[in-house]
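Below: one structure, written as structure tokens.
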Amino acid sequence: MNGDRIGHGRSGASPAGTVTPLTGDELRELYRELILDHARRPRHFGRLSGATHEAVGINPLCGDRLHLYLAVDADGVIREAGFEGSGCAISVASASLMAEMITGMDRANALARRQDVTCALRGEAPGAGLGKLEALLGVREFPARVKCATLAWQALGGALTSAGGPVSTEN
Amino acid sequence: MKPLKAECGHNALDVRDDFPLLDQLVHGQPLVYLDSAATGQQPQAVIDAVARYQQTDHANVHRGVHTLSHRATEAYEGARDRLRRFINAASRREIVLTSGTTESINLVAQSWGRPRLGPGDKVLITHLEHHSNIVPWQIVCEQTGATLEVAPILPTGEVNLDALYALLAGGSVRLLALAHVSNALGTINPVAAIIRRARELGAVVLLDGAQAVPHMAVDVQALDCDFYAFSGHKMFGPTGTGVLYGREALLDAMPPWKGGGDMILEVRFDGTVYNDLPYKFEAGTPNIAGVVGLGAAVDYLENVGLDRIARHEAALTACLTERLAAIDGLRLVGTAAHKAGVQSFLVGDIHPHDLGTILDHQGVAIRTGHHCAMPVMQHFGIPGTARASLALYNDAGDIDRLVAGIRKAQAIFA
């Protein structure tokens, strides 16, 4: 709870929590140019004809919905990735960057990468070595937005491991 | 910037200091709370009433002979009396205390609707309803074979009255359920005229009043509705409290929908006798402290004056709409002629969540998303909106901060 009292009106009515005031830089850190670029011009956007795997990621908190398509060949390599849906800058940029990253990866590597990225976004791992995806780490200062960034990766897990039903950020 | 109309110079109600929560910094900036349509903040009087009850009077209600139980019952039933007066119900027997609007509507769907509805019957709602006034009717229609019909809305966010009346005139509408005020769009429905028409055609009418009671005086007898549902937390009381008003004759004829203690007169294995109204619908130990707080919220609103609140919010709403409309690239969603202090909007191609984050970072709290009204968003072909909603404690300075925050978001996304 962020609870700095201002000092006018009543005081002492509730305990003042500690607060780390954010500077304006956190917003710039969140909305880096790379993120804004991928949000405005998402790569790999669109339905993939010939998809072998797909999943729908849903964030029930906000209603965002992302449909991920993968074309995986007989060797288990993701030959193509595409996605459709509507979402905020963070979720669209994350999906776009993910699609770029996983194209050409084999299934096991993609799933391992998924684990690394989601842990890093949740602040459970430092997140070094993620390449361009490090641009997304600004969300760690915005707990309400972490699920926006992980939505595409949840869908990736769903597409590669489950029967293809909707995957929720709440599961 | 173009000159603004007089409304934006309108004086505040001067009640802000009554709300201790508002006196804090968020991200280093004084909090501007523009999310009262989601939940209202509580005045000190409500917080104190709940604390006093917990500290001195708490016991179970309607049970013991001891002093505390008597005091708890007096406090709880006293709140019911205040709530009766607050909406001008004819009798305290018509005031069923619930956990909120959602439970109130489900109660009507299951207790009034389920035994009465069947194939060929229709339940009519509108396209601007909150999920809590859609899903309970979908459930009871599924259970009974009745049909759910939906009156369309206009691009302004007003109900298409011609279509609504045509659906009513089509016959077989057993119940009409609609919002008094839309939570997503702010539209104040012309409920008096709609109720008159529906009742002439033999339909029972339920109003979802969750967004109305914090902002305007409501008189259920003047409205002549059959049921009126509302929540305590939207009218600056505690969460987990609410009311179902029902016409006594209707409530009398309805079976209980939950069984348990307090709702019975006598329990025998060969047959149980239910309690009188309204206790027949209040099984189990209720949210006593919450209801005591709700009673204090009624006192608070009446002391400030609902007419004063309505005038203040009307002026402030005009200011909000005008200031937002003046922002380049901003699209207002919901432009009904008669509106409460709720304004949904979109800013260019900035997603509402990004806008919400940037505003929050400047200490401005708004709601973003579908506002539990996904069909409204589907109607406008959008995934969600940003929504600023006003209450008695807001003033023109809050709107300045909102506008400045939106401009900052535009700069980031430029």
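If you're wondering about the labels, chains in the structure tokens are A, B, ... by order shown, residues count from 1 in each chain, ligands from 1 in order shown.
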
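All residues of protein, DNA or RNA that reach within 12 Å of Arg113 (chain A), judged by only C-alpha atoms and not counting those fewer than 4 positions away in the chain, are Met98, Met101, Ile102, Met105, Asp106, Arg107, Ala108, Asn109, Val117, Thr118, Cys119, Ala120, Gly127, Gly129, Leu130, Gly131, Leu133, Trp153, Gln154, Leu156 and Gly157 of chain A.
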
Can those selected residues be exported to a file as a JSON list (two decimals), in the first residue's frame so that it contains N, CA and C atoms?
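Ended up saving to result19.json:
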[["chain", "number", "residue", "atom", "x", "y", "z"],
["A", 98, "MET", "N", 8.27, -11.72, -29.13],
["A", 98, "MET", "CA", 8.31, -13.17, -28.92],
["A", 98, "MET", "C", 8.29, -13.90, -30.26],
["A", 101, "MET", "N", 11.54, -13.83, -31.82],
["A", 101, "MET", "CA", 12.56, -14.63, -31.13],
["A", 101, "MET", "C", 12.39, -16.12, -31.36],
["A", 102, "ILE", "N", 11.16, -16.59, -31.38],
["A", 102, "ILE", "CA", 10.96, -18.05, -31.41],
["A", 102, "ILE", "C", 10.99, -18.63, -32.82],
["A", 105, "MET", "N", 13.34, -21.53, -33.68],
["A", 105, "MET", "CA", 13.73, -22.28, -32.47],
["A", 105, "MET", "C", 13.03, -23.63, -32.45],
["A", 106, "ASP", "N", 13.65, -24.61, -31.82],
["A", 106, "ASP", "CA", 12.89, -25.83, -31.66],
["A", 106, "ASP", "C", 12.02, -25.73, -30.40],
["A", 107, "ARG", "N", 11.10, -26.65, -30.31],
["A", 107, "ARG", "CA", 10.06, -26.61, -29.30],
["A", 107, "ARG", "C", 10.65, -26.52, -27.88],
["A", 108, "ALA", "N", 11.64, -27.36, -27.62],
["A", 108, "ALA", "CA", 12.22, -27.41, -26.27],
["A", 108, "ALA", "C", 12.88, -26.08, -25.92],
["A", 109, "ASN", "N", 13.59, -25.53, -26.89],
["A", 109, "ASN", "CA", 14.24, -24.24, -26.64],
["A", 109, "ASN", "C", 13.23, -23.13, -26.42],
["A", 117, "VAL", "N", 11.87, -16.02, -19.69],
["A", 117, "VAL", "CA", 11.27, -14.70, -19.89],
["A", 117, "VAL", "C", 10.20, -14.43, -18.83],
["A", 118, "THR", "N", 9.33, -15.39, -18.60],
["A", 118, "THR", "CA", 8.26, -15.13, -17.63],
["A", 118, "THR", "C", 8.83, -14.92, -16.23],
["A", 119, "CYS", "N", 9.85, -15.70, -15.88],
["A", 119, "CYS", "CA", 10.47, -15.50, -14.57],
["A", 119, "CYS", "C", 11.09, -14.11, -14.48],
["A", 120, "ALA", "N", 11.75, -13.69, -15.55],
["A", 120, "ALA", "CA", 12.39, -12.37, -15.54],
["A", 120, "ALA", "C", 11.33, -11.26, -15.43],
["A", 127, "GLY", "N", 17.14, -11.66, -15.60],
["A", 127, "GLY", "CA", 16.72, -11.31, -16.95],
["A", 127, "GLY", "C", 17.84, -10.91, -17.89],
["A", 129, "GLY", "N", 20.66, -11.51, -20.67],
["A", 129, "GLY", "CA", 20.78, -12.47, -21.77],
["A", 129, "GLY", "C", 19.50, -12.70, -22.54],
["A", 130, "LEU", "N", 18.52, -11.83, -22.36],
["A", 130, "LEU", "CA", 17.26, -12.01, -23.09],
["A", 130, "LEU", "C", 17.26, -11.22, -24.39],
["A", 131, "GLY", "N", 18.35, -10.56, -24.69],
["A", 131, "GLY", "CA", 18.42, -9.81, -25.93],
["A", 131, "GLY", "C", 17.42, -8.67, -25.95],
["A", 133, "LEU", "N", 14.39, -8.63, -25.71],
["A", 133, "LEU", "CA", 13.30, -8.73, -24.74],
["A", 133, "LEU", "C", 13.60, -8.03, -23.42],
["A", 153, "TRP", "N", 3.40, -15.18, -23.90],
["A", 153, "TRP", "CA", 4.21, -16.34, -23.49],
["A", 153, "TRP", "C", 3.34, -17.42, -22.87],
["A", 154, "GLN", "N", 2.25, -17.00, -22.21],
["A", 154, "GLN", "CA", 1.28, -17.99, -21.72],
["A", 154, "GLN", "C", 0.67, -18.73, -22.91],
["A", 156, "LEU", "N", 1.98, -19.15, -25.77],
["A", 156, "LEU", "CA", 3.00, -20.03, -26.36],
["A", 156, "LEU", "C", 3.02, -21.38, -25.64],
["A", 157, "GLY", "N", 2.97, -21.30, -24.31],
["A", 157, "GLY", "CA", 2.94, -22.54, -23.53],
["A", 157, "GLY", "C", 1.71, -23.36, -23.89]]

Find the spatial neighbours of region 258-260 of chain B, counting only C-alpha atoms, within a cut-off of 8 Å - ignore same-chain residues fewer than 5 positions away - and output them as a list in words. Phe281, Glu282, Ala283 and Gly284 of chain B

May I have all residues of chain A that DSSP, computed from the backbone, assigns to strand (DSSP E), given as a PyMOL selection string? chain A and resi 4-5+53-59+64-72+78-86+167-168

Sorted per-residue table, region 100-131 of chain B near region 225-247 of chain B, closest atoms and distance, 7 Å, only C-alpha atoms, as a tab-separated table:
residue	atom	partner	partner_atom	distance
B:Gly100	CA	B:Gly242	CA	3.7
B:Thr101	CA	B:Phe230	CA	4.6
B:Ser104	CA	B:Leu244	CA	5.1
B:Ile105	CA	B:Ala229	CA	6.6

Dump of N, CA and C atoms for the selected residues, as a short mmCIF file (atom, residue, chain, number, x, y, z; two decimals), in the first residue's frame:
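Saved result, again-v4.cif, follows:
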data_model
loop_
_atom_site.label_atom_id
_atom_site.label_comp_id
_atom_site.auth_asym_id
_atom_site.auth_seq_id
_atom_site.Cartn_x
_atom_site.Cartn_y
_atom_site.Cartn_z
N GLY B 100 -25.05 -7.16 -2.01
CA GLY B 100 -24.81 -6.16 -3.03
C GLY B 100 -25.81 -6.29 -4.18
N THR B 101 -25.65 -5.44 -5.16
CA THR B 101 -26.56 -5.46 -6.31
C THR B 101 -26.59 -6.83 -6.97
N SER B 104 -28.71 -9.15 -5.09
CA SER B 104 -30.11 -8.71 -5.17
C SER B 104 -30.75 -9.17 -6.48
N ILE B 105 -30.02 -9.01 -7.58
CA ILE B 105 -30.58 -9.39 -8.89
C ILE B 105 -30.69 -10.91 -9.00
#

List every residue of region 26-89 of chain A that DSSP, applied to the backbone of this structure, places in alpha helix (DSSP H), and write the result as a PDB file with C-alpha atoms, in the first residue's frame.
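And here's selection.pdb as it stands now:
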ATOM      1  CA  GLU A  26      10.042   4.602 -14.976  1.00  0.00           C
ATOM      2  CA  LEU A  27       7.450   5.549 -17.577  1.00  0.00           C
ATOM      3  CA  ARG A  28      10.160   6.089 -20.200  1.00  0.00           C
ATOM      4  CA  GLU A  29      11.693   2.797 -19.105  1.00  0.00           C
ATOM      5  CA  LEU A  30       8.329   1.066 -19.579  1.00  0.00           C
ATOM      6  CA  GLU A  33      11.246   3.288 -28.164  1.00  0.00           C
ATOM      7  CA  LEU A  34      11.650  -0.399 -29.030  1.00  0.00           C
ATOM      8  CA  ILE A  35       8.382  -1.218 -27.242  1.00  0.00           C
ATOM      9  CA  LEU A  36       6.497   1.633 -28.878  1.00  0.00           C
ATOM     10  CA  ASP A  37       7.885   0.613 -32.262  1.00  0.00           C
ATOM     11  CA  HIS A  38       6.716  -2.997 -31.905  1.00  0.00           C
ATOM     12  CA  ALA A  39       3.354  -1.818 -30.535  1.00  0.00           C
ATOM     13  CA  ARG A  40       2.785   0.485 -33.504  1.00  0.00           C
ATOM     14  CA  ALA A  89       1.301  -1.524 -26.138  1.00  0.00           C
TER      15      ALA A  89
END

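Using only C-alpha atoms, the protein and nucleic acid residues lying no more than 7 Å from Arg47 (chain A), apart from those fewer than 4 places from it along its own chain, are Tyr69, Gly82, Phe83 and Glu84 of chain A.
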
Residue subset to file, keeping C-alpha atoms, as a PDB file, in the first residue's frame:
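This went into selection_4.pdb:
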ATOM      1  CA  TYR A  69      -0.430 -19.458 -34.426  1.00  0.00           C
ATOM      2  CA  GLY A  82       1.888 -15.261 -36.121  1.00  0.00           C
ATOM      3  CA  PHE A  83      -0.595 -13.619 -33.833  1.00  0.00           C
ATOM      4  CA  GLU A  84      -3.846 -11.696 -33.877  1.00  0.00           C
TER       5      GLU A  84
END

Please measure the separation of CA of Trp112 (chain B) and CA of Ser182 (chain B), giving the value in Å to one decimal. 23.9 Å

With 8 Å as the limit and counting only C-alpha atoms, what residues in chain B lie close to chain A? Please list them as a list in words. Asp17, Pro20, Asp23, Gln24, Leu25, Val26, His27, Gly28, Pro30, Ile350, His351, Pro352, His353, Asp354, Ile358, His361, Thr368, Gly369, His370, Pro383, Gly384, Ile412 and Phe413 of chain B

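For the atom pair formed by CA of Arg196 (chain B) and CA of His180 (chain B), the distance is 14.2 Å, given to one decimal.
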
With only C-alpha atoms as the basis for distance, which of A:Ala149, A:Val139, A:Ala110, A:Ala93 is at the shortest distance from Leu70 (chain A)?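 Nearest candidate to Leu70 (chain A) out of A:Ala149, A:Val139, A:Ala110, A:Ala93: A:Ala110.
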
Just to confirm, what's the straight-line distance from CA of Ile125 (chain B) to CA of Val108 (chain B) in Å (one decimal)?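 CA of Ile125 (chain B) sits 14.1 Å away from CA of Val108 (chain B).
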
Could you list, as a PyMOL selection string, every residue within 12 Å of Pro115 (chain B), counting only C-alpha atoms and ignoring same-chain residues fewer than 5 positions away? chain B and resi 108-110+140-141+143-146+253-257

Take the residues that were just selected and, keeping C-alpha atoms, output them as a short mmCIF file (atom, residue, chain, number, x, y, z; two decimals), in the first residue's frame.
data_model
loop_
_atom_site.label_atom_id
_atom_site.label_comp_id
_atom_site.auth_asym_id
_atom_site.auth_seq_id
_atom_site.Cartn_x
_atom_site.Cartn_y
_atom_site.Cartn_z
CA VAL B 108 -35.05 -11.96 -8.06
CA ALA B 109 -33.93 -14.19 -10.94
CA GLN B 110 -34.01 -17.33 -8.79
CA VAL B 140 -32.64 -18.43 -15.21
CA CYS B 141 -33.61 -18.54 -18.89
CA GLN B 143 -33.09 -23.20 -16.27
CA THR B 144 -36.67 -22.47 -17.35
CA GLY B 145 -36.67 -22.38 -21.15
CA ALA B 146 -37.62 -18.70 -21.18
CA ALA B 253 -45.41 -14.57 -2.96
CA MET B 254 -41.78 -15.52 -3.59
CA PRO B 255 -40.15 -18.57 -2.01
CA PRO B 256 -36.87 -18.17 -0.09
CA TRP B 257 -33.80 -18.71 -2.22
#
